[in-house]
Amino acid sequence: MNTTVEARRNTPPLTPQYFLKLASIVAGFVAVWWAWNRLNMSVLSFFDDLQNVVNLFKRMYPPNFSDTDRIISLTFETLWIALLGTFGAVILSYPLAIGAAANTTKHPIIRFLCRGIITLSRAVPELILAAVFVVAYGPGPFAGILALALHSIGMIGKLFSDSIEEASEASGEAVTSVGATRRQRIRSAVIPQALPSFIATALFRLEINIRGSAVLGLVGAGGIGQLISESLETIQYKPALAAVIVVFFVILIVELVSTSIRQSLIGEAATQQQNKQRGRLSSFINRRDALLNKTAYEKRSISAPWTTERVFRTTAFVSFAVLLFFAISTVNIEWSNTIQNTPKMGTVLRQMFPPSAGGEYSLMIKGLIESLAIAIVSTFLGVLVALPLGVLMARNINVRRFMSFGTRIGVLGLRGIPELIIAVIFVSAMGLGPVPGTLALSVTVAVFASKLFADSLEEVLPAPREAVSAVGASKVQEFFSAVVPQFISPFVSNFFYLLDVFFRSSTVLGIVGGGGIGYLLISSIRVYQFKLTMAIVISVYLIVLIIEWLGLGMRRLFK
Amino acid sequence: MSPHLEVVANESVATITVAALSKRFPNGTLAVDDISFTVPQGQVVGLLGLSGSGKSTLMRLINGLHTPTSGTVNVLGVDVGQAKPADLRDLRRQLGFIFQQFGLVGRATCLENVLIGSLGRLKGPRIGIRTYPKALRVMALERLDRVGLGAQAFQRAETLSGGQMQRVAIARSLMQEPKVLLADEPVASLDPESSNQVLDLISTIAREDGMTVLCSLHQVELAIGRTDRLIGLRDGKIVLDQMTAGINPNVVMDLYRRHGTSDEVREASYA
């Protein structure tokens with residue numbers, strides 16, 4: 001090293017990776033620009049659009065709750081569809097997850113098959129499944145339940161098998177070493193470890209399915225969505241707003257209840273809390289036993305004591321069983337009809353093959369491209385809004401407690417409204433077309449993404465931040481030097497995850513007139529062109545795979 | 001060996017003056033309990049004591065990351081406890097701080113991590129090496145050369161070994177051209193060989209640049225030969241304050257002896 005310091009390179013060397021990163025960022029912006037023009041979006045018309053939405057709300061106000069009976073019965077139907085759909089998915093996912101987990105299934109072909117079923121069930125949007133089931137089984141909640149159950153396997157099965165694989169091997173070995181069979185080992189060593197996470201997953205999916213079942217009515221598969229779409233189509237805005245408000249509160253309540261149960265089941269705080277309760281109880285039981293002057297022998301019991309924890313668990317289990325029984329007996333399904341119609345479902349399935357776009361080939365391509373453009377623009381716009389929101393929500397960055405808490409409440413409140421309901425409202429306000437669809441989707445992206453961003457920001461390591469502030473850097477400098485570099489990699493993976501999720505969403509916007517492939521998709525089902533339906537579903541899935549592959553590459557590049 | 005052999009409380013050259021300093025945390029722990037001492041300019045002080053004896057808290061009180069419950073800390077003429085946020089930032093620019101966990105941004109290159117040391121002198125945020133002025137980039141390279149890592153300038157910090165990371169952290173604080181270097185257990189996460197390297201580096205640089213150093217350590221043998229003065233803490237109080245030259249290592253080792261040897265006695269002492 002005989003050159004002087006001044007002569008040496010003091011900027012990073014221009015590696016191929018550097019140019020690749022630059023090129024992909026440029027390509028990203030070009031894609032947004034292309035999609036923007038394709039959809040004829042314009043910043044100027046945003047204000048008109050906003051004005052239209054405000055005007056619509058003015059016409060909707062005050063909400064009309066006069067059709068109380070119908071609102072109540074449809075609300076309960078929505079709840080029962082979500083509950084039964086989730087329960088069905090859990091029942092179906094349990095064996096699939098055991099079959100898909102590496103530590104419970106050694107046979108590679110069985111594992112591959114189970115994994116394949118789990119992945120495929122996620123490929124078709126639940127609304128499309130519901131629309132197909134409506135053709136076979138007629139309109140009503142059964143189609144909705146079936147659609148939710150089948151679609152939810154994708155997530156529940158995946159998460160179940162993940163938590164089975166996370167179970168410690170040691171206890172499994174111990175059970176095997178006493179001479180237990182494989183099934184005994186699974187039942188005694190694996191499932192008890194995975195159970196809390198199973199319940200948490202099921203509850204989390206229940207939250208998602210409540211949102212899903214609120215819009216199933218748009219394709220005639222039962223629930224309150226029916227009321228919303230009917231009222232808007234017949235320009236009865238006031239009852240529509242009433243239904244939207246009901247949906248909002250039902251979702252919020254289910255989320256609050258489910259979140260609190262989930263948090264008491266998993267996580268560090270939950271374990272601490274349970275230990276505390278256990279401690280309190282055992283001291284109570286000891287005192288009671290001392291009072292009763294029990295001998296050591298009498299104190300022994302061959303069944304577990306009725307601790308508060310056990311009482312709580314049993315109560316929860318019994319009330320869930322009662323709820324399930326109540327749901328099955330009240331939901332409006334004629335089971336005999338359902339069984340009779342099952343062969344019809346077989347016919348529909350057979351008509352799907354071989355998949356072919358037929359004469360609608362160019363329409364299909366156009367629709368797919370429009371959906372992709374909607375997904376790109378709405379992800380871009382949503383992320384643009386979500387970045388500052390995420391910073392405001394992250395409790396380690398925004399130390400003003402009331403501000404981060406306030407933003408959180410606002411965002412989480414909005415999260416309750418399903419994107420299709422926002423789309424229905426925007427379409428009613430601005431007219432048919434991809435622009436209202438894109439804007440509606442952007443709102444959902446923003447809400448969804450800000451939570452993701454806030455979570456990643458809260459995972460940022462504190463040590464570099466402390467070191468940067470110790471050199472006398474300002475808060476802003478600290479944010480850009482110590483937080484931003486740690487945030488790049490999660491941002492890239494979150495971005496492609498969002499693109500993936502919201503491309504799927506953009507393919508059903510057409511059901512409510514929000515543009516994209518959804519219109520052709522739903523019409524193909526309604527006119528029994530099932531070969532076209534299948535062709536579209538397969539194409540959508542291929543695009544999803546491409547997005548996932550692209551995301552994988554980008555994650556590696558920006559690691 | 002060292003020109004600073006006496007503990008002189010000469011106010012005119014005192015760099016750090018701590019008077020009746022106490023810190024009680026919201027959870028009730030009294031981490032620092034009525035401590036007073038003065039460090040003259042250019043002195044290298046080793047701070048010894050068990051984990052939880054108050055060493056880290058004392059360091060953070062000195063650079064203002066914590067505020068005192070009572071008493072005062074005066075560093076380079078600034079009353080740290082009373083300083084406004086802007087004055088505190090000005091002060092921190094002149095105080096290098098070395099952390100046990102290095103505090104490097106793992107994804108950033110070594111050079112960028114060193115450049116972060118100059119943020120206190122710059123206005124506005126910086127993203128990436130190219131956003132720093134050229135003069136600073138050259139200076140950062142020099143600092144990396146000084147800690148022997150010039151060749152690793154464009155390597156990501158997370159790819160380095162622990163000892164190398166701590167040397168990058170030292171280069172980062174050298175960017176500040178500090179008058180005082182606070183090192184909070186700089187070698188507690190390192191293997192013996194890297195520990196020796198890092199401590200040699202700190203003491204050499206301190207003597208070459210005339211820096212005042214306060215360095216907390218666990219091992220007595222590492223402190224001897226590299227420090228001018230040893231201060232021992234136990235339960236937040238100063239229990240030893242002597243010049244290093246000629247010190248009896250056994251006296252220092254007493255710091256690390258519990259009050260009793262059996263568990264019973266130990267428990268009694270915590271009761």
# chains A, B, ... in the order shown; residues from 1 in each chain; ligands from 1
call {"tool": "residues_around", "arguments": {"residues": "segment 56-60 of chain B", "least_positions_apart": "3", "cutoff": "7 Å", "atoms": "only C-alpha atoms", "output": "ChimeraX atom specification"}}
result
/B:31-32,63-66,182,184
call {"tool": "interface_residues", "arguments": {"of": "chain B", "to": "chain A", "cutoff": "7 Å", "atoms": "only C-alpha atoms", "output": "count of residues only"}}
result
26
call {"tool": "residues_around", "arguments": {"residues": "segment 45-54 of chain A", "least_positions_apart": "2", "cutoff": "9 Å", "atoms": "only C-alpha atoms", "output": "PyMOL selection string"}}
result
chain A and resi 41-43+56-59+425-426+428-430+436
call {"tool": "write_last_selection", "arguments": {"atoms": "C-alpha atoms", "output": "compact mmCIF listing (two decimals), in the first residue's frame"}}
result
# COMPACT_ATOMS: atom_id res chain seq x y z
CA MET A 41 -54.52 7.57 -13.75
CA SER A 42 -54.04 11.25 -13.08
CA VAL A 43 -53.09 13.07 -9.93
CA LEU A 56 -71.59 9.74 -1.99
CA PHE A 57 -71.13 9.66 1.78
CA LYS A 58 -73.29 12.77 2.03
CA ARG A 59 -76.03 10.96 0.15
CA ILE A 425 -68.25 2.35 -2.50
CA PHE A 426 -65.61 3.92 -4.77
CA SER A 428 -70.60 3.78 -6.82
CA ALA A 429 -69.03 7.19 -6.34
CA MET A 430 -66.80 7.41 -9.44
CA PRO A 436 -61.83 3.41 -8.51
call {"tool": "residues_around", "arguments": {"residues": "Ala214 of chain A", "least_positions_apart": "6", "cutoff": "7 Å", "atoms": "only C-alpha atoms", "output": "list in words"}}
result
Thr78, Gly223, Ile224, Gly225 and Val247 of chain A
call {"tool": "residues_around", "arguments": {"residues": "segment 400-407 of chain A", "least_positions_apart": "5", "cutoff": "12 Å", "atoms": "only C-alpha atoms", "output": "JSON, numbers by chain"}}
result
{"A": [386, 388, 389, 390, 391, 392, 393, 394, 395, 412, 413, 414, 447, 450, 451, 454, 458]}
call {"tool": "write_last_selection", "arguments": {"atoms": "N, CA, C and O atoms", "output": "mmCIF file, in the first residue's frame"}}
result
data_model
loop_
_atom_site.group_PDB
_atom_site.id
_atom_site.type_symbol
_atom_site.label_atom_id
_atom_site.label_comp_id
_atom_site.auth_asym_id
_atom_site.auth_seq_id
_atom_site.Cartn_x
_atom_site.Cartn_y
_atom_site.Cartn_z
ATOM 1 N N ALA A 386 -47.872 4.375 3.220
ATOM 2 C CA ALA A 386 -47.610 3.524 4.388
ATOM 3 C C ALA A 386 -46.254 3.806 5.033
ATOM 4 O O ALA A 386 -46.104 3.610 6.235
ATOM 5 N N PRO A 388 -44.504 6.726 5.745
ATOM 6 C CA PRO A 388 -44.573 7.638 6.898
ATOM 7 C C PRO A 388 -45.481 7.112 8.008
ATOM 8 O O PRO A 388 -45.166 7.292 9.193
ATOM 9 N N LEU A 389 -46.582 6.450 7.634
ATOM 10 C CA LEU A 389 -47.483 5.916 8.669
ATOM 11 C C LEU A 389 -46.758 4.882 9.525
ATOM 12 O O LEU A 389 -46.897 4.863 10.752
ATOM 13 N N GLY A 390 -45.980 4.008 8.871
ATOM 14 C CA GLY A 390 -45.245 2.980 9.600
ATOM 15 C C GLY A 390 -44.268 3.597 10.581
ATOM 16 O O GLY A 390 -44.143 3.142 11.715
ATOM 17 N N VAL A 391 -43.587 4.676 10.144
ATOM 18 C CA VAL A 391 -42.637 5.355 11.031
ATOM 19 C C VAL A 391 -43.380 5.935 12.235
ATOM 20 O O VAL A 391 -42.922 5.844 13.377
ATOM 21 N N LEU A 392 -44.565 6.501 11.963
ATOM 22 C CA LEU A 392 -45.350 7.069 13.064
ATOM 23 C C LEU A 392 -45.813 5.991 14.031
ATOM 24 O O LEU A 392 -45.926 6.212 15.228
ATOM 25 N N MET A 393 -46.098 4.787 13.490
ATOM 26 C CA MET A 393 -46.655 3.718 14.325
ATOM 27 C C MET A 393 -45.591 2.986 15.130
ATOM 28 O O MET A 393 -45.897 2.389 16.165
ATOM 29 N N ALA A 394 -44.334 2.969 14.632
ATOM 30 C CA ALA A 394 -43.290 2.181 15.298
ATOM 31 C C ALA A 394 -42.962 2.817 16.644
ATOM 32 O O ALA A 394 -42.532 3.964 16.709
ATOM 33 N N ARG A 395 -43.170 2.055 17.711
ATOM 34 C CA ARG A 395 -43.048 2.622 19.051
ATOM 35 C C ARG A 395 -41.604 2.941 19.427
ATOM 36 O O ARG A 395 -41.350 3.741 20.305
ATOM 37 N N LEU A 412 -55.595 0.493 12.394
ATOM 38 C CA LEU A 412 -56.199 -0.809 12.675
ATOM 39 C C LEU A 412 -57.715 -0.759 12.506
ATOM 40 O O LEU A 412 -58.328 -1.722 12.073
ATOM 41 N N GLY A 413 -58.302 0.395 12.831
ATOM 42 C CA GLY A 413 -59.740 0.544 12.634
ATOM 43 C C GLY A 413 -60.099 0.398 11.165
ATOM 44 O O GLY A 413 -61.016 -0.338 10.801
ATOM 45 N N LEU A 414 -59.317 1.071 10.304
ATOM 46 C CA LEU A 414 -59.584 1.014 8.864
ATOM 47 C C LEU A 414 -59.352 -0.382 8.301
ATOM 48 O O LEU A 414 -59.966 -0.770 7.311
ATOM 49 N N VAL A 447 -53.058 0.569 4.519
ATOM 50 C CA VAL A 447 -53.377 0.114 5.868
ATOM 51 C C VAL A 447 -52.566 -1.132 6.229
ATOM 52 O O VAL A 447 -51.949 -1.227 7.292
ATOM 53 N N SER A 450 -48.623 -0.405 6.309
ATOM 54 C CA SER A 450 -48.079 0.391 7.406
ATOM 55 C C SER A 450 -47.874 -0.483 8.635
ATOM 56 O O SER A 450 -46.908 -0.300 9.372
ATOM 57 N N LYS A 451 -48.753 -1.448 8.844
ATOM 58 C CA LYS A 451 -48.575 -2.374 9.975
ATOM 59 C C LYS A 451 -47.312 -3.223 9.759
ATOM 60 O O LYS A 451 -46.504 -3.382 10.681
ATOM 61 N N ALA A 454 -44.269 -0.981 10.285
ATOM 62 C CA ALA A 454 -44.070 -0.661 11.697
ATOM 63 C C ALA A 454 -43.454 -1.859 12.417
ATOM 64 O O ALA A 454 -42.539 -1.708 13.227
ATOM 65 N N GLU A 458 -39.815 -1.946 14.242
ATOM 66 C CA GLU A 458 -39.662 -2.238 15.667
ATOM 67 C C GLU A 458 -38.632 -3.344 15.896
ATOM 68 O O GLU A 458 -38.160 -3.521 17.012
#
call {"tool": "closest_residue", "arguments": {"among": "A:Val445, A:Ile118, A:Val322, A:Ile110", "to": "Leu92 of chain A", "atoms": "only C-alpha atoms"}}
result
A:Ile118
